[in-house]
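**Student:** Quick one: the structure is below, questions incoming.
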Amino acid sequence: MRICVIMPAHNEAKAIGDLIKSINPYVGDVLIVDDGSTDETERISREAGASVIGFKKNAGKGAALKAGFDYALQNNYDAVITMDADGQHSPKDILSIIDNASSSEVGIVVGNRMANPEAMPAIRFATNLAMSLIISAICRQNIPDTQCGFRLVKCNVLKAIRLVSLNYEIESEILIRASRTGFKIKSAPIKSIYEGQTSLINPIVDTWRFFAMLFRALM
(Lines give C-alpha, C1' and ligand atoms only; values in the text may rest on other atoms or scores of the structure.)
Protein backbone atom coordinates (compact mmCIF):
# COMPACT_ATOMS: atom_id res chain seq x y z
CA MET A 1 0.00 0.00 0.00
CA ARG A 2 1.08 3.55 -0.72
CA ILE A 3 0.49 5.37 2.57
CA CYS A 4 0.67 8.96 3.79
CA VAL A 5 0.84 9.89 7.48
CA ILE A 6 -1.36 12.91 8.22
CA MET A 7 -0.85 14.97 11.36
CA PRO A 8 -2.90 18.06 12.25
CA ALA A 9 -0.63 20.37 14.23
CA HIS A 10 -1.17 23.57 16.21
CA ASN A 11 1.90 25.14 17.82
CA GLU A 12 3.88 21.89 17.97
CA ALA A 13 7.28 23.33 16.98
CA LYS A 14 8.99 21.88 20.04
CA ALA A 15 8.54 18.22 19.07
CA ILE A 16 7.33 18.11 15.47
CA GLY A 17 10.73 17.86 13.75
CA ASP A 18 11.95 14.85 15.73
CA LEU A 19 8.54 13.18 15.40
CA ILE A 20 8.57 13.48 11.60
CA LYS A 21 12.10 12.03 11.43
CA SER A 22 11.06 9.10 13.65
CA ILE A 23 8.11 8.33 11.35
CA ASN A 24 10.16 8.36 8.13
CA PRO A 25 11.71 4.87 8.58
CA TYR A 26 8.19 3.40 8.64
CA VAL A 27 6.32 5.68 6.21
CA GLY A 28 8.27 8.07 4.02
CA ASP A 29 5.40 10.40 3.16
CA VAL A 30 4.29 12.73 5.97
CA LEU A 31 1.79 15.57 5.63
CA ILE A 32 1.51 18.19 8.36
CA VAL A 33 -1.68 20.24 8.35
CA ASP A 34 -0.58 23.35 10.22
CA ASP A 35 -3.81 24.48 11.85
CA GLY A 36 -3.12 28.19 12.35
CA SER A 37 0.10 27.83 14.36
CA THR A 38 1.78 31.01 15.58
CA ASP A 39 5.15 29.34 16.20
CA GLU A 40 7.66 27.69 13.84
CA THR A 41 5.64 24.49 13.26
CA GLU A 42 5.43 24.98 9.49
CA ARG A 43 9.11 25.82 8.95
CA ILE A 44 10.39 23.00 11.14
CA SER A 45 8.04 20.51 9.50
CA ARG A 46 9.30 21.40 6.02
CA GLU A 47 12.93 21.23 7.15
CA ALA A 48 12.29 17.75 8.57
CA GLY A 49 11.06 16.59 5.16
CA ALA A 50 7.28 16.74 5.50
CA SER A 51 4.81 18.26 3.08
CA VAL A 52 2.76 21.04 4.70
CA ILE A 53 -0.71 22.49 4.24
CA GLY A 54 -1.01 25.73 6.20
CA PHE A 55 -4.18 27.33 7.59
CA LYS A 56 -4.02 31.03 8.39
CA LYS A 57 -6.42 30.56 11.32
CA ASN A 58 -7.17 27.64 13.62
CA ALA A 59 -10.02 25.72 11.99
CA GLY A 60 -10.25 22.62 14.19
CA LYS A 61 -8.98 19.06 14.00
CA GLY A 62 -11.82 17.91 11.76
CA ALA A 63 -11.13 20.62 9.19
CA ALA A 64 -7.42 19.78 9.26
CA LEU A 65 -8.07 16.07 8.76
CA LYS A 66 -10.47 16.72 5.89
CA ALA A 67 -7.82 18.83 4.17
CA GLY A 68 -5.36 15.98 4.65
CA PHE A 69 -7.81 13.43 3.28
CA ASP A 70 -8.40 15.57 0.19
CA TYR A 71 -4.63 15.75 -0.30
CA ALA A 72 -4.32 11.95 -0.07
CA LEU A 73 -7.11 11.38 -2.58
CA GLN A 74 -5.70 13.92 -5.01
CA ASN A 75 -2.29 12.27 -4.82
CA ASN A 76 -3.59 8.71 -5.29
CA TYR A 77 -2.57 7.19 -1.97
CA ASP A 78 -4.06 3.82 -1.01
CA ALA A 79 -4.45 4.71 2.67
CA VAL A 80 -3.71 7.34 5.28
CA ILE A 81 -2.48 6.99 8.84
CA THR A 82 -3.55 9.74 11.21
CA MET A 83 -1.45 10.53 14.27
CA ASP A 84 -1.32 13.22 16.94
CA ALA A 85 1.49 15.74 16.55
CA ASP A 86 2.23 16.06 20.28
CA GLY A 87 4.20 12.82 20.57
CA GLN A 88 1.43 10.87 22.28
CA HIS A 89 1.58 8.11 19.66
CA SER A 90 4.65 5.94 19.14
CA PRO A 91 5.83 5.61 15.51
CA LYS A 92 6.99 2.08 16.41
CA ASP A 93 3.31 1.03 16.32
CA ILE A 94 2.90 2.05 12.67
CA LEU A 95 3.94 -1.40 11.41
CA SER A 96 1.31 -3.11 13.59
CA ILE A 97 -1.36 -0.74 12.30
CA ILE A 98 -0.35 -1.49 8.69
CA ASP A 99 -0.15 -5.27 9.28
CA ASN A 100 -3.70 -5.28 10.62
CA ALA A 101 -4.92 -3.58 7.43
CA SER A 102 -3.58 -6.27 5.08
CA SER A 103 -6.97 -7.88 4.46
CA SER A 104 -9.04 -6.35 1.68
CA GLU A 105 -12.09 -6.71 3.95
CA VAL A 106 -10.69 -4.20 6.45
CA GLY A 107 -11.40 -0.53 5.74
CA ILE A 108 -10.13 1.04 8.97
CA VAL A 109 -7.67 0.00 11.67
CA VAL A 110 -8.01 1.89 14.97
CA GLY A 111 -5.32 1.95 17.62
CA ASN A 112 -6.43 0.43 20.92
CA ARG A 113 -4.97 1.91 24.10
CA MET A 114 -7.56 0.28 26.35
CA ALA A 115 -5.83 -3.11 26.56
CA ASN A 116 -2.95 -1.48 28.44
CA PRO A 117 -4.36 1.72 29.97
CA GLU A 118 -2.11 2.06 33.02
CA ALA A 119 -0.58 5.34 31.85
CA MET A 120 -3.90 6.84 30.78
CA PRO A 121 -5.45 9.44 33.12
CA ALA A 122 -8.49 8.01 34.91
CA ILE A 123 -10.96 10.57 33.55
CA ARG A 124 -9.77 9.92 29.99
CA PHE A 125 -10.08 6.15 30.48
CA ALA A 126 -13.66 6.50 31.75
CA THR A 127 -14.64 8.85 28.93
CA ASN A 128 -13.08 6.62 26.27
CA LEU A 129 -14.83 3.56 27.69
CA ALA A 130 -18.25 5.23 27.66
CA MET A 131 -17.83 6.71 24.17
CA SER A 132 -16.54 3.41 22.80
CA LEU A 133 -19.55 1.51 24.11
CA ILE A 134 -21.91 4.00 22.45
CA ILE A 135 -20.09 4.08 19.11
CA SER A 136 -19.59 0.30 19.02
CA ALA A 137 -23.32 -0.19 19.51
CA ILE A 138 -24.14 2.22 16.69
CA CYS A 139 -21.54 0.69 14.38
CA ARG A 140 -22.54 -2.87 15.35
CA GLN A 141 -18.84 -3.68 15.59
CA ASN A 142 -16.59 -4.00 18.62
CA ILE A 143 -14.27 -0.97 18.64
CA PRO A 144 -12.57 -0.82 22.08
CA ASP A 145 -11.05 2.66 21.67
CA THR A 146 -13.16 4.75 19.32
CA GLN A 147 -11.55 8.00 20.51
CA CYS A 148 -8.03 7.02 19.48
CA GLY A 149 -6.71 9.31 16.75
CA PHE A 150 -3.95 6.88 15.72
CA ARG A 151 -5.56 4.92 12.91
CA LEU A 152 -5.31 3.79 9.30
CA VAL A 153 -8.11 4.62 6.89
CA LYS A 154 -8.07 3.23 3.38
CA CYS A 155 -8.78 5.74 0.66
CA ASN A 156 -11.68 3.71 -0.76
CA VAL A 157 -13.40 4.44 2.58
CA LEU A 158 -12.71 8.17 2.24
CA LYS A 159 -14.15 8.12 -1.27
CA ALA A 160 -17.33 6.41 -0.06
CA ILE A 161 -18.25 8.64 2.89
CA ARG A 162 -19.01 12.34 3.32
CA LEU A 163 -17.65 13.97 6.46
CA VAL A 164 -19.09 17.20 7.86
CA SER A 165 -17.54 17.54 11.33
CA LEU A 166 -14.90 20.22 11.89
CA ASN A 167 -13.60 19.30 15.34
CA TYR A 168 -12.71 16.27 17.48
CA GLU A 169 -16.02 14.50 16.83
CA ILE A 170 -14.84 13.73 13.30
CA GLU A 171 -13.04 10.65 14.62
CA SER A 172 -16.35 9.14 15.74
CA GLU A 173 -18.10 10.31 12.58
CA ILE A 174 -15.58 8.44 10.40
CA LEU A 175 -16.32 5.18 12.23
CA ILE A 176 -20.10 5.60 12.09
CA ARG A 177 -20.27 6.55 8.43
CA ALA A 178 -17.79 3.85 7.39
CA SER A 179 -19.62 1.11 9.28
CA ARG A 180 -23.00 2.18 7.92
CA THR A 181 -21.48 2.02 4.43
CA GLY A 182 -20.44 -1.60 5.07
CA PHE A 183 -16.73 -1.32 5.90
CA LYS A 184 -15.07 -3.56 8.49
CA ILE A 185 -13.25 -1.80 11.35
CA LYS A 186 -10.40 -3.59 13.10
CA SER A 187 -8.40 -2.64 16.21
CA ALA A 188 -4.68 -2.99 16.93
CA PRO A 189 -3.03 -2.61 20.35
CA ILE A 190 -0.80 0.45 20.66
CA LYS A 191 1.16 2.23 23.34
CA SER A 192 0.18 5.77 24.28
CA ILE A 193 2.68 8.15 25.80
CA TYR A 194 1.41 10.56 28.46
CA GLU A 195 4.14 13.01 29.44
CA GLY A 196 2.23 16.06 30.57
CA GLN A 197 0.42 16.81 27.30
CA THR A 198 -2.56 19.09 27.84
CA SER A 199 -5.82 17.96 26.28
CA LEU A 200 -7.44 20.60 24.08
CA ILE A 201 -10.86 18.95 24.34
CA ASN A 202 -13.51 21.10 26.00
CA PRO A 203 -15.69 18.68 28.04
CA ILE A 204 -18.89 20.72 27.60
CA VAL A 205 -18.52 22.06 24.07
CA ASP A 206 -17.06 18.90 22.57
CA THR A 207 -19.62 16.65 24.27
CA TRP A 208 -22.38 18.78 22.72
CA ARG A 209 -20.64 18.53 19.33
CA PHE A 210 -20.38 14.75 19.75
CA PHE A 211 -24.10 14.29 20.31
CA ALA A 212 -24.92 16.74 17.50
CA MET A 213 -22.72 14.64 15.20
CA LEU A 214 -24.53 11.47 16.33
CA PHE A 215 -27.88 13.02 15.47
CA ARG A 216 -26.66 14.08 12.00
CA ALA A 217 -25.06 10.71 11.26
CA LEU A 218 -28.06 8.68 12.40
CA MET A 219 -30.57 10.86 10.58
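Scheme for the C-alpha coordinates: letters A, B, ... for chains in order shown; per-chain residue numbers from 1; ligand numbers from 1 in order shown.
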Please identify all polymer residues within 9 Å of range 42-50 of chain A, counting only C-alpha atoms, omitting same-chain residues fewer than 6 positions from it, and present them as a PyMOL selection string.
**Tutor:** chain A and resi 9+13+16-18+20-21+24+28-34
**Student:** Can you spit out the residues from that selection as a tab-separated table (two decimals), in the first residue's frame, using N, CA and C atoms?
**Tutor:**
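Contents of the output file out_9.tsv:
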chain	number	residue	atom	x	y	z
A	9	ALA	N	-1.56	19.83	13.24
A	9	ALA	CA	-0.63	20.37	14.23
A	9	ALA	C	-0.95	21.83	14.51
A	13	ALA	N	5.90	23.17	17.45
A	13	ALA	CA	7.28	23.33	16.98
A	13	ALA	C	8.30	22.60	17.85
A	16	ILE	N	7.79	18.59	16.77
A	16	ILE	CA	7.33	18.11	15.47
A	16	ILE	C	8.46	17.61	14.58
A	17	GLY	N	9.62	18.27	14.62
A	17	GLY	CA	10.73	17.86	13.75
A	17	GLY	C	11.22	16.47	14.06
A	18	ASP	N	11.48	16.18	15.33
A	18	ASP	CA	11.95	14.85	15.73
A	18	ASP	C	10.89	13.79	15.46
A	20	ILE	N	8.58	13.77	13.04
A	20	ILE	CA	8.57	13.48	11.60
A	20	ILE	C	9.73	12.56	11.24
A	21	LYS	N	10.92	12.85	11.74
A	21	LYS	CA	12.10	12.03	11.43
A	21	LYS	C	11.96	10.61	11.97
A	24	ASN	N	9.63	8.62	9.47
A	24	ASN	CA	10.16	8.36	8.13
A	24	ASN	C	10.65	6.93	7.88
A	28	GLY	N	7.46	6.96	4.50
A	28	GLY	CA	8.27	8.07	4.02
A	28	GLY	C	7.51	9.35	3.74
A	29	ASP	N	6.19	9.23	3.53
A	29	ASP	CA	5.40	10.40	3.16
A	29	ASP	C	4.63	10.91	4.38
A	30	VAL	N	4.95	12.12	4.81
A	30	VAL	CA	4.29	12.73	5.97
A	30	VAL	C	3.71	14.08	5.55
A	31	LEU	N	2.45	14.29	5.88
A	31	LEU	CA	1.79	15.57	5.63
A	31	LEU	C	1.42	16.20	6.96
A	32	ILE	N	1.91	17.41	7.19
A	32	ILE	CA	1.51	18.19	8.36
A	32	ILE	C	0.46	19.20	7.91
A	33	VAL	N	-0.67	19.20	8.59
A	33	VAL	CA	-1.68	20.24	8.35
A	33	VAL	C	-1.54	21.23	9.49
A	34	ASP	N	-0.87	22.34	9.20
A	34	ASP	CA	-0.58	23.35	10.22
A	34	ASP	C	-1.84	24.18	10.45
**Student:** CA of Cys155 in chain A and CA of Phe55 in chain A, how far apart in Å?
**Tutor:**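 Value for the CA of Phe55 in chain A-CA of Cys155 in chain A distance: 23.1 Å.
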**Student:** Need the shell around Ser165 in chain A: protein/DNA/RNA residues with any atom at most 8 Å away, counting only C-alpha atoms. Skip same-chain ones fewer than 6 positions apart. Format as a list of chain:residue names?
**Tutor:**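 So, after excluding close chain neighbours, the residues are A:Gly62, A:Ala63, A:Glu173, A:Met213.
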**Student:** Between A:Ser22, A:Ser51, A:Ser172, A:Gly36, which residue has the minimum interatomic distance to Leu133 in chain A, considering only C-alpha atoms?
**Tutor:**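 Closest to Leu133 in chain A, using only C-alpha atoms: A:Ser172.
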**Student:** I'd like a table as CSV: residues in range 67-99 of chain A with an atom no more than 12 Å from range 159-164 of chain A, each row giving the shortest atom pair and its distance in Å to one decimal, only C-alpha atoms counted, sorted by chain and rising residue number.
**Tutor:**
residue,atom,partner,partner_atom,distance
A:Ala67,CA,A:Leu163,CA,11.2
A:Phe69,CA,A:Lys159,CA,9.4
A:Asp70,CA,A:Lys159,CA,9.5
A:Ala72,CA,A:Lys159,CA,10.6
A:Leu73,CA,A:Lys159,CA,7.9
A:Gln74,CA,A:Lys159,CA,10.9
A:Asn76,CA,A:Lys159,CA,11.3
A:Tyr77,CA,A:Lys159,CA,11.6
A:Asp78,CA,A:Lys159,CA,11.0
A:Ala79,CA,A:Lys159,CA,11.0
**Student:** Please return, as a list in words, all residues of range 60-90 of chain A that DSSP assigns to strand (DSSP E) on the basis of the backbone.
**Tutor:** Ala79, Val80, Ile81 and Thr82 of chain A
**Student:** Got a sec: who's within 10 Å of Asn142 in chain A, counting only C-alpha atoms, leaving out chain neighbours fewer than 3 positions off, as a list in words?
**Tutor:**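 Skipping anything fewer than 3 positions along the chain leaves Ser132, Leu133, Ile135, Ser136, Ala137, Ile138, Cys139, Asp145, Thr146, Ile185, Lys186 and Ser187 of chain A.
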**Student:** Please measure the separation of CA of Asp86 in chain A and CA of Lys184 in chain A, giving the value in Å to one decimal.
**Tutor:**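 Calculated distance between CA of Asp86 in chain A and CA of Lys184 in chain A is 28.7 Å.
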**Student:** List every residue of chain A that DSSP, applied to the backbone of this structure, assigns to helix (DSSP H, G or I), and report them as number ranges by chain.
**Tutor:** A: 13-23, 41-47, 61-74, 91-99, 122-139, 155-160, 170-180, 203-218
**Student:** State, in Å with one decimal place, the distance from CA of Ala115 in chain A to CA of Glu12 in chain A.
**Tutor:**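 Distance reported for this atom pair: 28.2 Å.
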**Student:** Ranking A:Arg140, A:Ile193, A:Gln147, A:Ala15 by minimum distance to Arg180 in chain A and counting only C-alpha atoms, which one comes first?
**Tutor:** A:Arg140
**Student:** Mind checking which residues fall within 10 Å of Phe183 in chain A, counting only C-alpha atoms, ignoring those fewer than 5 positions away in the same chain, and posting them as a list of chain:residue names?
**Tutor:**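 Answer for this query is A:Glu105, A:Val106, A:Gly107, A:Ile108, A:Cys139, A:Asn156, A:Val157, A:Ala160, A:Leu175, A:Ile176, A:Arg177, A:Ala178.
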**Student:** Which residue out of A:Pro189, A:Gly68, A:Pro121, A:Gly60 has the minimum interatomic distance to Asp93 in chain A when only C-alpha atoms are used?
**Tutor:**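 Of the candidates, the smallest distance to Asp93 in chain A is held by A:Pro189.
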**Student:** Between A:Ala212, A:Val27, A:Pro8, A:Thr181, which one has atoms that come closest to Lys92 in chain A, using only C-alpha atoms?
**Tutor:** A:Val27
**Student:** Which one is closest to Val52 in chain A: A:Glu171, A:Asp35, A:Asp99, A:Asp84? Count only C-alpha atoms.
**Tutor:**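 Among A:Glu171, A:Asp35, A:Asp99, A:Asp84, it is A:Asp35 that comes nearest to Val52 in chain A.
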